file upload36.txt (compact mmCIF, C-alpha atoms)
# COMPACT_ATOMS: atom_id res chain seq x y z
CA MET A 1 153.78 113.16 61.36
CA ALA A 2 152.87 115.53 58.55
CA SER A 3 152.26 119.15 59.39
CA TYR A 4 148.64 120.21 59.67
CA SER A 5 147.36 123.77 59.79
CA GLN A 6 144.43 124.60 62.04
CA ASN A 7 142.44 125.02 58.84
CA ASP A 8 143.38 121.46 57.77
CA LEU A 9 142.23 120.09 61.12
CA ASP A 10 138.99 122.06 61.09
CA ARG A 11 138.30 120.94 57.53
CA LEU A 12 138.94 117.29 58.41
CA ILE A 13 136.34 117.64 61.16
CA SER A 14 133.65 119.28 59.07
CA CYS A 15 134.14 117.87 55.57
CA PRO A 16 131.25 115.71 54.27
CA LYS A 17 131.66 112.05 55.14
CA ARG A 18 129.83 108.80 54.60
CA ILE A 19 129.48 105.86 56.95
CA VAL A 20 131.22 102.93 55.24
CA THR A 21 131.34 100.52 58.18
CA PRO A 22 128.08 101.07 60.02
CA PRO A 23 127.59 100.93 63.77
CA HIS A 24 125.73 98.08 65.44
CA LYS A 25 122.02 98.67 65.73
CA MET A 26 122.34 98.40 69.50
CA MET A 27 125.31 99.33 71.64
CA ARG A 28 127.28 96.38 72.98
CA THR A 29 128.22 96.19 76.64
CA GLU A 30 131.66 95.04 77.66
CA LYS A 31 134.11 95.82 80.44
CA GLY A 32 131.84 98.25 82.20
CA HIS A 33 130.73 100.40 79.31
CA HIS A 34 128.31 100.45 76.42
CA ARG A 35 130.02 100.90 73.09
CA ASN A 36 129.53 101.34 69.41
CA ASP A 37 131.93 102.18 66.58
CA MET A 38 131.77 103.04 62.92
CA GLU A 39 134.08 103.93 60.09
CA LEU A 40 133.69 106.94 57.82
CA THR A 41 135.36 108.14 54.65
CA THR A 42 135.17 111.39 52.78
CA GLU A 43 132.84 111.28 49.80
CA ASP A 44 135.77 110.52 47.45
CA GLY A 45 137.23 107.88 49.78
CA SER A 46 140.50 109.75 50.12
CA HIS A 47 140.36 110.15 53.91
CA VAL A 48 139.41 107.53 56.50
CA PHE A 49 138.00 108.20 59.97
CA ARG A 50 136.76 106.22 62.92
CA VAL A 51 134.03 107.24 65.31
CA PHE A 52 133.69 105.77 68.79
CA MET A 53 130.65 106.06 71.04
CA ARG A 54 130.92 105.09 74.70
CA ILE A 55 128.67 105.30 77.77
CA ASN A 56 129.91 104.27 81.20
CA GLU A 57 127.65 101.56 82.61
CA ARG A 58 127.75 102.74 86.23
CA LEU A 59 127.75 106.48 85.57
CA PRO A 60 125.78 106.92 82.34
CA GLU A 61 126.33 110.67 82.39
CA ASN A 62 129.97 109.84 81.63
CA PHE A 63 129.79 109.42 77.87
CA SER A 64 132.23 110.03 75.09
CA ILE A 65 131.81 110.42 71.33
CA GLY A 66 134.94 110.91 69.28
CA LEU A 67 136.22 111.34 65.73
CA ILE A 68 139.66 109.92 64.92
CA TYR A 69 141.48 110.58 61.67
CA LEU A 70 143.51 107.68 60.23
CA PRO A 71 146.06 109.14 57.81
CA LYS A 72 146.72 106.75 54.94
CA ASP A 73 150.31 107.60 54.30
CA GLU A 74 151.82 107.77 57.77
CA ARG A 75 151.80 106.15 61.15
CA GLY A 76 149.54 107.13 63.97
CA GLU A 77 146.16 108.74 64.19
CA ILE A 78 144.78 112.12 65.19
CA HIS A 79 141.95 112.63 67.65
CA LEU A 80 140.08 115.42 65.92
CA LEU A 81 137.03 115.88 68.10
CA ARG A 82 135.50 114.46 71.26
CA TYR A 83 132.26 115.27 73.00
CA ASN A 84 132.24 114.35 76.70
CA GLY A 85 129.70 114.21 79.44
CA PRO A 86 130.49 115.74 82.85
CA HIS A 87 132.79 112.92 83.93
CA GLY A 88 135.10 115.08 86.00
CA GLU A 89 137.53 117.92 85.97
CA PHE A 90 139.46 118.88 82.87
CA VAL A 91 142.05 121.43 81.84
CA ARG A 92 140.30 124.31 80.16
CA LEU A 93 141.99 125.88 77.15
CA GLY A 94 143.79 129.10 77.97
CA VAL A 95 142.99 128.93 81.66
CA ALA A 96 145.84 128.23 84.06
CA GLU A 97 143.71 126.47 86.62
CA SER A 98 140.03 125.84 86.49
CA HIS A 99 137.64 123.32 87.89
CA HIS A 100 134.83 122.24 85.66
CA VAL A 101 132.60 119.24 85.88
CA VAL A 102 130.41 120.00 82.93
CA HIS A 103 129.80 118.75 79.41
CA HIS A 104 132.79 119.66 77.31
CA VAL A 105 134.39 119.33 73.89
CA HIS A 106 137.95 118.40 73.00
CA ARG A 107 139.06 119.67 69.60
CA ALA A 108 142.35 119.05 67.76
CA ARG A 109 144.61 122.06 67.82
CA LYS A 110 147.65 122.76 65.71
CA GLU A 111 149.61 124.08 68.71
CA ASN A 112 149.22 120.74 70.46
CA LEU A 113 150.34 118.74 67.43
CA ASP A 114 153.31 121.00 66.83
CA ALA A 115 154.33 120.62 70.47
CA GLY A 116 154.09 116.83 70.29
CA LYS A 117 151.12 116.73 72.65
CA SER A 118 147.82 114.92 72.27
CA ALA A 119 146.07 116.85 69.50
CA GLU A 120 142.89 117.22 71.55
CA LYS A 121 144.56 118.29 74.80
CA GLY A 122 142.44 120.81 76.66
CA ALA A 123 138.72 121.30 76.29
CA GLU A 124 135.98 123.87 76.29
CA PRO A 125 132.80 123.66 78.35
CA THR A 126 129.64 123.52 76.28
CA GLU A 127 125.93 123.94 76.78
CA GLN A 128 125.20 122.61 73.28
CA PHE A 129 124.20 119.21 74.62
CA SER A 130 123.07 117.85 77.93
CA ASP A 131 122.85 114.09 77.35
CA TYR A 132 124.25 111.37 75.12
CA ASN A 133 121.53 111.37 72.45
CA GLU A 134 121.63 115.11 72.07
CA ALA A 135 125.41 115.02 71.89
CA LEU A 136 125.32 112.30 69.23
CA ARG A 137 122.90 114.25 67.04
CA ILE A 138 124.99 117.39 67.21
CA PHE A 139 128.22 115.44 66.73
CA LEU A 140 126.95 113.71 63.57
CA ALA A 141 125.92 117.08 62.17
CA GLU A 142 129.21 118.75 63.05
CA VAL A 143 131.35 116.06 61.45
CA GLY A 144 129.23 116.16 58.29
CA VAL A 145 127.91 112.60 58.18
CA THR A 146 125.70 112.69 55.11
CA ASN A 147 124.06 109.29 55.54
CA ALA A 148 123.56 109.40 59.32
CA GLY A 149 119.81 109.01 58.93
CA GLU A 150 120.30 105.52 57.44
CA HIS A 151 121.98 104.24 60.57
CA PHE A 152 120.60 106.38 63.39
CA ALA A 153 116.94 106.28 62.57
CA ASP A 154 115.98 106.23 66.23
CA LEU A 155 117.42 109.66 66.73
CA GLU A 156 114.98 112.51 66.39
CA PRO A 157 113.78 112.71 62.76
CA GLY A 158 114.57 115.69 60.60
CA LEU A 159 117.87 116.43 62.26
CA PHE A 160 119.94 115.34 59.32
CA GLY A 161 118.24 117.61 56.83
CA SER A 162 116.20 114.87 55.23
CA MET B 1 137.28 111.70 111.59
CA ASN B 2 135.82 110.03 108.53
CA TYR B 3 138.05 108.67 105.78
CA VAL B 4 137.43 111.56 103.40
CA GLN B 5 138.57 114.10 105.98
CA LEU B 6 141.55 111.90 106.78
CA LEU B 7 142.52 111.76 103.12
CA LYS B 8 142.34 115.56 102.82
CA GLU B 9 144.64 115.82 105.80
CA GLN B 10 147.05 113.32 104.25
CA PHE B 11 147.11 115.42 101.06
CA ASN B 12 147.67 118.61 103.08
CA GLY B 13 144.30 119.91 102.01
CA ARG B 14 145.22 119.87 98.32
CA VAL B 15 142.39 117.57 97.30
CA SER B 16 138.66 117.76 97.38
CA VAL B 17 135.87 115.30 96.73
CA ARG B 18 132.58 115.40 94.94
CA GLU B 19 129.79 113.00 95.85
CA ARG B 20 128.75 111.41 92.53
CA ARG B 21 126.37 108.87 94.03
CA PRO B 22 125.30 108.33 97.63
CA GLU B 23 128.50 107.45 99.52
CA VAL B 24 130.50 107.34 96.26
CA PHE B 25 133.02 110.17 96.17
CA GLN B 26 135.01 111.34 93.14
CA LEU B 27 138.46 112.54 94.10
CA ILE B 28 139.49 115.93 92.72
CA VAL B 29 143.27 115.78 92.63
CA PRO B 30 145.71 117.31 90.10
CA LEU B 31 146.51 114.10 88.23
CA TYR B 32 145.70 114.42 84.54
CA HIS B 33 145.58 112.30 81.41
CA GLU B 34 147.46 113.51 78.34
CA ASP B 35 144.33 115.10 76.93
CA GLY B 36 143.88 117.26 80.02
CA ASP B 37 141.10 115.23 81.63
CA MET B 38 141.55 114.40 85.27
CA VAL B 39 142.28 110.78 86.18
CA ASP B 40 139.02 109.20 87.35
CA ILE B 41 139.35 108.11 90.98
CA PHE B 42 136.39 107.21 93.16
CA LEU B 43 136.26 106.30 96.84
CA GLN B 44 133.70 104.25 98.70
CA THR B 45 133.58 101.94 101.68
CA VAL B 46 133.36 98.19 101.12
CA ASN B 47 129.93 97.01 102.26
CA GLY B 48 129.69 99.95 104.63
CA ASP B 49 132.83 98.94 106.56
CA THR B 50 134.61 102.22 107.25
CA ARG B 51 137.88 100.35 107.81
CA ARG B 52 137.90 99.10 104.22
CA ILE B 53 138.07 101.71 101.46
CA ARG B 54 137.78 100.84 97.79
CA ILE B 55 139.67 103.09 95.39
CA SER B 56 138.12 102.60 91.98
CA ASP B 57 137.76 104.07 88.49
CA LEU B 58 134.18 102.79 88.05
CA GLY B 59 135.18 101.51 84.62
CA MET B 60 136.46 104.79 83.22
CA THR B 61 140.06 103.74 82.51
CA LEU B 62 139.22 100.83 80.21
CA MET B 63 136.45 102.90 78.63
CA ARG B 64 138.98 105.61 77.77
CA LEU B 65 141.46 103.03 76.50
CA SER B 66 138.80 101.55 74.24
CA TYR B 67 138.67 104.75 72.18
CA THR B 68 141.75 103.48 70.38
CA PHE B 69 142.76 100.13 71.85
CA ASP B 70 140.76 97.04 72.70
CA ILE B 71 141.73 94.29 75.11
CA ASP B 72 140.65 91.68 72.60
CA THR B 73 143.47 89.16 72.43
CA PRO B 74 144.95 86.81 75.04
CA ASN B 75 148.26 88.67 74.78
CA LYS B 76 146.69 92.05 75.55
CA GLU B 77 144.67 90.54 78.39
CA ALA B 78 147.86 89.06 79.81
CA ILE B 79 149.59 92.47 79.71
CA LEU B 80 146.60 94.05 81.49
CA GLN B 81 146.57 91.36 84.16
CA LYS B 82 150.32 91.76 84.66
CA ILE B 83 149.96 95.50 85.25
CA LEU B 84 147.14 94.87 87.72
CA ALA B 85 148.97 92.12 89.59
CA GLU B 86 152.21 94.06 89.86
CA ASN B 87 150.35 96.98 91.40
CA GLY B 88 148.01 95.07 93.68
CA ALA B 89 144.90 96.06 91.74
CA THR B 90 141.96 94.02 90.48
CA GLU B 91 139.58 94.26 87.54
CA ASP B 92 135.93 93.29 87.72
CA ASN B 93 133.69 93.86 84.68
CA GLY B 94 135.88 96.73 83.52
CA GLU B 95 136.22 98.36 86.93
CA ILE B 96 139.80 98.71 88.17
CA TYR B 97 140.08 98.89 91.93
CA LEU B 98 142.21 98.29 94.96
CA GLU B 99 141.30 98.25 98.61
CA THR B 100 143.04 99.86 101.51
CA THR B 101 142.58 101.20 105.02
CA PRO B 102 141.86 104.86 105.85
CA GLU B 103 145.40 105.31 107.23
CA SER B 104 146.96 104.13 103.94
CA LEU B 105 144.76 106.13 101.60
CA TYR B 106 147.46 108.58 100.53
CA PRO B 107 149.97 106.07 99.12
CA ALA B 108 147.14 103.88 97.83
CA VAL B 109 145.62 106.76 95.84
CA LEU B 110 149.00 107.53 94.26
CA GLN B 111 149.49 103.86 93.50
CA PHE B 112 146.05 103.68 91.93
CA ALA B 113 146.79 106.72 89.75
CA GLN B 114 149.91 104.93 88.55
CA VAL B 115 147.87 101.84 87.63
CA ALA B 116 145.40 103.97 85.69
CA SER B 117 148.25 105.70 83.90
CA LYS B 118 149.96 102.43 82.97
CA ILE B 119 146.76 100.94 81.62
CA SER B 120 145.97 104.12 79.70
CA ASN B 121 149.39 103.84 78.08
CA MET B 122 148.98 100.27 76.87
CA GLU B 123 148.19 101.55 73.41
CA LEU B 124 151.28 103.71 73.44
CA LEU B 125 153.49 100.75 74.29
CA LYS B 126 152.04 98.75 71.46
CA ARG B 127 152.20 101.48 68.88
CA GLU B 128 155.42 103.27 69.60
CA VAL B 129 157.80 100.73 71.06
CA ILE B 130 156.93 97.27 69.84
CA LYS B 131 156.04 98.24 66.31
CA SER B 132 158.48 101.00 65.62
CA LEU B 133 160.95 98.92 63.64
CA PHE B 134 158.58 96.67 61.74
CA TYR B 135 158.61 98.48 58.39
CA GLU B 136 162.35 98.97 58.52
CA MET B 137 162.88 95.27 59.21
CA LEU B 138 160.51 94.28 56.40
CA GLU B 139 162.31 96.56 53.97
CA ASP B 140 165.66 95.18 55.03
CA PHE B 141 164.50 91.61 54.38
CA VAL B 142 162.82 92.38 51.04
CA THR B 143 165.77 94.30 49.67
CA THR B 144 168.29 91.65 50.65
CA SER B 145 166.74 88.17 50.76
CA LEU B 146 164.17 88.76 48.01
CA VAL B 147 166.23 91.00 45.75
CA GLU B 148 166.46 88.30 43.03
CA TYR B 149 162.69 88.63 42.54
CA GLY B 150 163.08 92.28 41.58
CA PRO B 151 161.05 94.16 44.20
CA ARG B 152 159.86 97.67 43.30
CA GLN B 153 158.90 99.89 46.22
CA LYS B 154 155.87 102.22 46.38
CA VAL B 155 153.85 101.26 43.31
CA TYR B 156 150.49 102.78 42.37
CA PRO B 157 148.69 100.26 40.11
CA ILE B 158 145.70 102.49 39.29
CA PRO B 159 146.56 105.80 37.61
CA ASP B 160 145.24 108.85 39.49
CA ARG B 161 144.60 106.78 42.65
CA ASP B 162 147.76 107.56 44.55
CA GLU B 163 146.07 106.72 47.84
CA LEU B 164 146.08 103.06 46.77
CA GLU B 165 149.71 102.23 47.30
CA VAL B 166 151.48 98.90 47.08
CA ASP B 167 154.50 98.63 49.38
CA TYR B 168 156.41 96.27 47.07
CA GLU B 169 155.61 94.92 43.61
CA PHE B 170 157.28 91.78 42.27
CA ASN B 171 156.62 91.96 38.57
CA SER B 172 158.67 89.20 36.95
CA ARG B 173 155.64 87.05 36.20
CA PRO B 174 152.36 87.50 34.26
CA ARG B 175 150.44 88.30 37.44
CA PRO B 176 152.56 90.51 39.70
CA ILE B 177 152.66 89.98 43.44
CA TYR B 178 151.63 93.00 45.48
CA LEU B 179 153.22 92.85 48.91
CA PHE B 180 151.92 94.88 51.86
CA GLY B 181 153.34 95.29 55.36
CA VAL B 182 150.71 95.66 58.09
CA LYS B 183 151.58 96.72 61.61
CA ASP B 184 148.27 98.03 62.90
CA THR B 185 144.55 98.36 62.39
CA ALA B 186 144.77 101.53 60.32
CA LYS B 187 147.13 99.95 57.80
CA ALA B 188 145.11 96.72 57.76
CA ARG B 189 142.05 98.68 56.72
CA ILE B 190 143.89 100.58 54.01
CA VAL B 191 145.31 97.33 52.62
CA THR B 192 141.85 95.76 52.67
CA ILE B 193 140.42 98.70 50.75
CA SER B 194 143.35 98.69 48.30
CA CYS B 195 142.99 94.96 47.53
CA LEU B 196 139.27 95.34 46.98
CA GLU B 197 139.77 98.36 44.71
CA PHE B 198 142.39 96.49 42.67
CA GLN B 199 140.02 93.54 42.32
CA LYS B 200 137.22 95.88 41.31
CA ALA B 201 139.49 97.35 38.63
CA GLU B 202 140.12 93.76 37.43
CA LEU B 203 143.88 94.08 37.72
CA PRO B 204 145.76 90.79 37.32
CA PHE B 205 147.67 90.37 40.60
CA ARG B 206 148.22 88.26 43.70
CA SER B 207 148.17 90.05 47.02
CA CYS B 208 150.44 89.08 49.89
CA VAL B 209 150.24 90.63 53.35
CA VAL B 210 152.96 90.46 55.99
CA HIS B 211 151.65 91.25 59.46
CA GLU B 212 153.69 92.40 62.37
CA ASP B 213 151.19 90.61 64.59
CA PHE B 214 148.02 89.31 62.97
CA GLY B 215 146.67 88.41 66.43
CA SER B 216 146.74 92.02 67.54
CA LEU B 217 144.08 92.98 65.01
CA GLY B 218 140.46 92.96 66.08
CA ARG B 219 138.35 90.05 64.91
CA LYS B 220 136.50 92.09 62.31
CA ASP B 221 139.68 93.49 60.84
CA GLN B 222 141.12 89.99 60.70
CA ASN B 223 138.03 88.80 58.84
CA ARG B 224 138.06 91.71 56.40
CA ILE B 225 141.70 91.42 55.41
CA THR B 226 141.53 87.63 55.22
CA SER B 227 138.63 87.94 52.84
CA ALA B 228 140.39 90.51 50.67
CA ALA B 229 143.98 89.18 50.54
CA ASP B 230 145.27 86.11 48.66
CA LYS B 231 148.08 85.20 51.06
CA GLN B 232 149.01 86.33 54.55
CA PHE B 233 151.97 85.79 56.85
CA VAL B 234 150.95 86.23 60.46
CA THR B 235 154.30 87.63 61.66
CA LEU B 236 157.50 88.92 60.12
CA ASP B 237 159.30 85.80 61.33
CA ASP B 238 156.71 83.68 59.55
CA PHE B 239 157.40 85.63 56.37
CA LYS B 240 161.15 85.36 56.74
CA ASP B 241 160.88 81.60 57.23
CA ASN B 242 158.58 80.96 54.30
CA ALA B 243 158.90 83.83 51.82
CA VAL B 244 161.40 82.23 49.47
CA LYS B 245 159.38 79.00 49.19
CA PHE B 246 156.26 81.09 48.60
CA PHE B 247 157.91 83.07 45.83
CA GLU B 248 159.24 79.90 44.24
CA ARG B 249 155.77 78.37 44.28
CA GLU B 250 154.32 81.50 42.77
CA GLY B 251 157.00 81.50 40.09
CA ALA B 252 157.77 85.12 40.73

call {"tool": "encode", "arguments": {"input": "upload36.txt", "output": "structure tokens"}}
result
Amino acid sequence: MASYSQNDLDRLISCPKRIVTPPHKMMRTEKGHHRNDMELTTEDGSHVFRVFMRINERLPENFSIGLIYLPKDERGEIHLLRYNGPHGEFVRLGVAESHHVVHHVHRARKENLDAGKSAEKGAEPTEQFSDYNEALRIFLAEVGVTNAGEHFADLEPGLFGS
Amino acid sequence: MNYVQLLKEQFNGRVSVRERRPEVFQLIVPLYHEDGDMVDIFLQTVNGDTRRIRISDLGMTLMRLSYTFDIDTPNKEAILQKILAENGATEDNGEIYLETTPESLYPAVLQFAQVASKISNMELLKREVIKSLFYEMLEDFVTTSLVEYGPRQKVYPIPDRDELEVDYEFNSRPRPIYLFGVKDTAKARIVTISCLEFQKAELPFRSCVVHEDFGSLGRKDQNRITSAADKQFVTLDDFKDNAVKFFEREGA
């Protein structure tokens, strides 16, 4: 896999993107979870991404919203960013042993990629969001989706700067 | 002693539990996924019978897998069922579980963690092992069996659009054949976009796609690439069997 600097990874997360394959209007339910997906590209079409949205059917507080980068010129994919509900314990970055059952964010890190680990290994607790809808709004803003309002009209108006 | 206390004793006190719903306990045990999240293991009695304990993931394993890999073909479903059967586990509406007695909780929990790990790695098996040699095998075939048709590797038909790459061009005819190898969803989508962009630019060409396993693509990706491409071979073997006849028909 090509070498990515932390700046490259951060830029891939935040660069402006457009939804090119929109999500379903309603989440589908299959195999015990509600799901939706969409595909994004950068404004010039040079980079392709996939976003997944999942909510566990039995424990709805266990949700997951993620951004995956699909490099065009090499195999594999990179999990750039994932917002999670308080599904259980996770390894906290830079902490030898910790026990957290809180909302948290996984973010791709150069050290992980260089070490051959999952790019998003380790997470940080967050108080930015406390439920799925709030997480989705903040996620769409963080990953720079410029036409989110066209496809997520039921989210609180005005959050996408339009 | 209730079964939770018994389990703690079996683990030498190195586990704890958190009650996530009434009488549904999440096990806190140092077993982690590759991203650092703990493996999701829940314990509950079966219909209140304290002699029957269900160890379950409450649907979390297949939810996690679905981030990057869907069980959407008979082949994938068969692999999942094989993993479950070999490990004495069951799936019901996405929930993976096995049942045991309080005395056997310790080995059963470890066995369950192994099941969750194997299922979580289904994508890895597909991506890294089965598909690893596909492009090399395609190249080997093209550069030996199809060499008389003059293949050119890595061609960029639209100037300044180097993201739109053709794997092999066969250009000995008025309309060249653009050949693409596709081993996974990501490449299928790039090929779909490339074909559509070439059509939009009104380039004279015929597109030909060789899949490693067309059936492994999701239904929507199958539909998209079928709509965009002129000719597809569903496997490499299919291509090897029929490529020469195809090229003769095309007059390449």

call {"tool": "residues_around", "arguments": {"input": "upload36.txt", "residues": "stretch 101-106 of chain A", "least_positions_apart": "2", "cutoff": "8 Å", "atoms": "only C-alpha atoms", "output": "list of chain:residue names"}}
result
A:Leu80, A:Leu81, A:Arg82, A:Tyr83, A:Asn84, A:Gly85, A:Pro86, A:His87, A:Gly88, A:Glu89, A:Phe90, A:His99, A:Ala108, A:Glu120, A:Lys121, A:Gly122, A:Ala123, A:Glu124, A:Pro125, A:Thr126, A:Glu127, A:Phe129, A:Ser130

call {"tool": "interface_residues", "arguments": {"input": "upload36.txt", "of": "chain B", "to": "chain A", "cutoff": "7 Å", "atoms": "all atoms listed in the file", "output": "ChimeraX atom specification"}}
result
/B:34-38,58-60,63,67,93-95,163,186,190

call {"tool": "atom_distance", "arguments": {"input": "upload36.txt", "atom1": "atom CA of B:Thr61", "atom2": "atom CA of B:Gln114"}}
result
11.6 Å

call {"tool": "closest_residue", "arguments": {"input": "upload36.txt", "among": "B:Ile193, B:Leu6, B:Val209, B:Ala108", "to": "B:Tyr178", "atoms": "only C-alpha atoms"}}
result
B:Val209

call {"tool": "residues_around", "arguments": {"input": "upload36.txt", "residues": "B:Arg161", "least_positions_apart": "3", "cutoff": "12 Å", "atoms": "all atoms listed in the file", "output": "PyMOL selection string"}}
result
(chain A and resi 44-46) or (chain B and resi 155-158+164-166+194+197-198+201)

call {"tool": "closest_residue", "arguments": {"input": "upload36.txt", "among": "B:Glu23, B:Asp237, B:Glu136, B:Glu86", "to": "B:Ile53", "atoms": "only C-alpha atoms"}}
result
B:Glu23
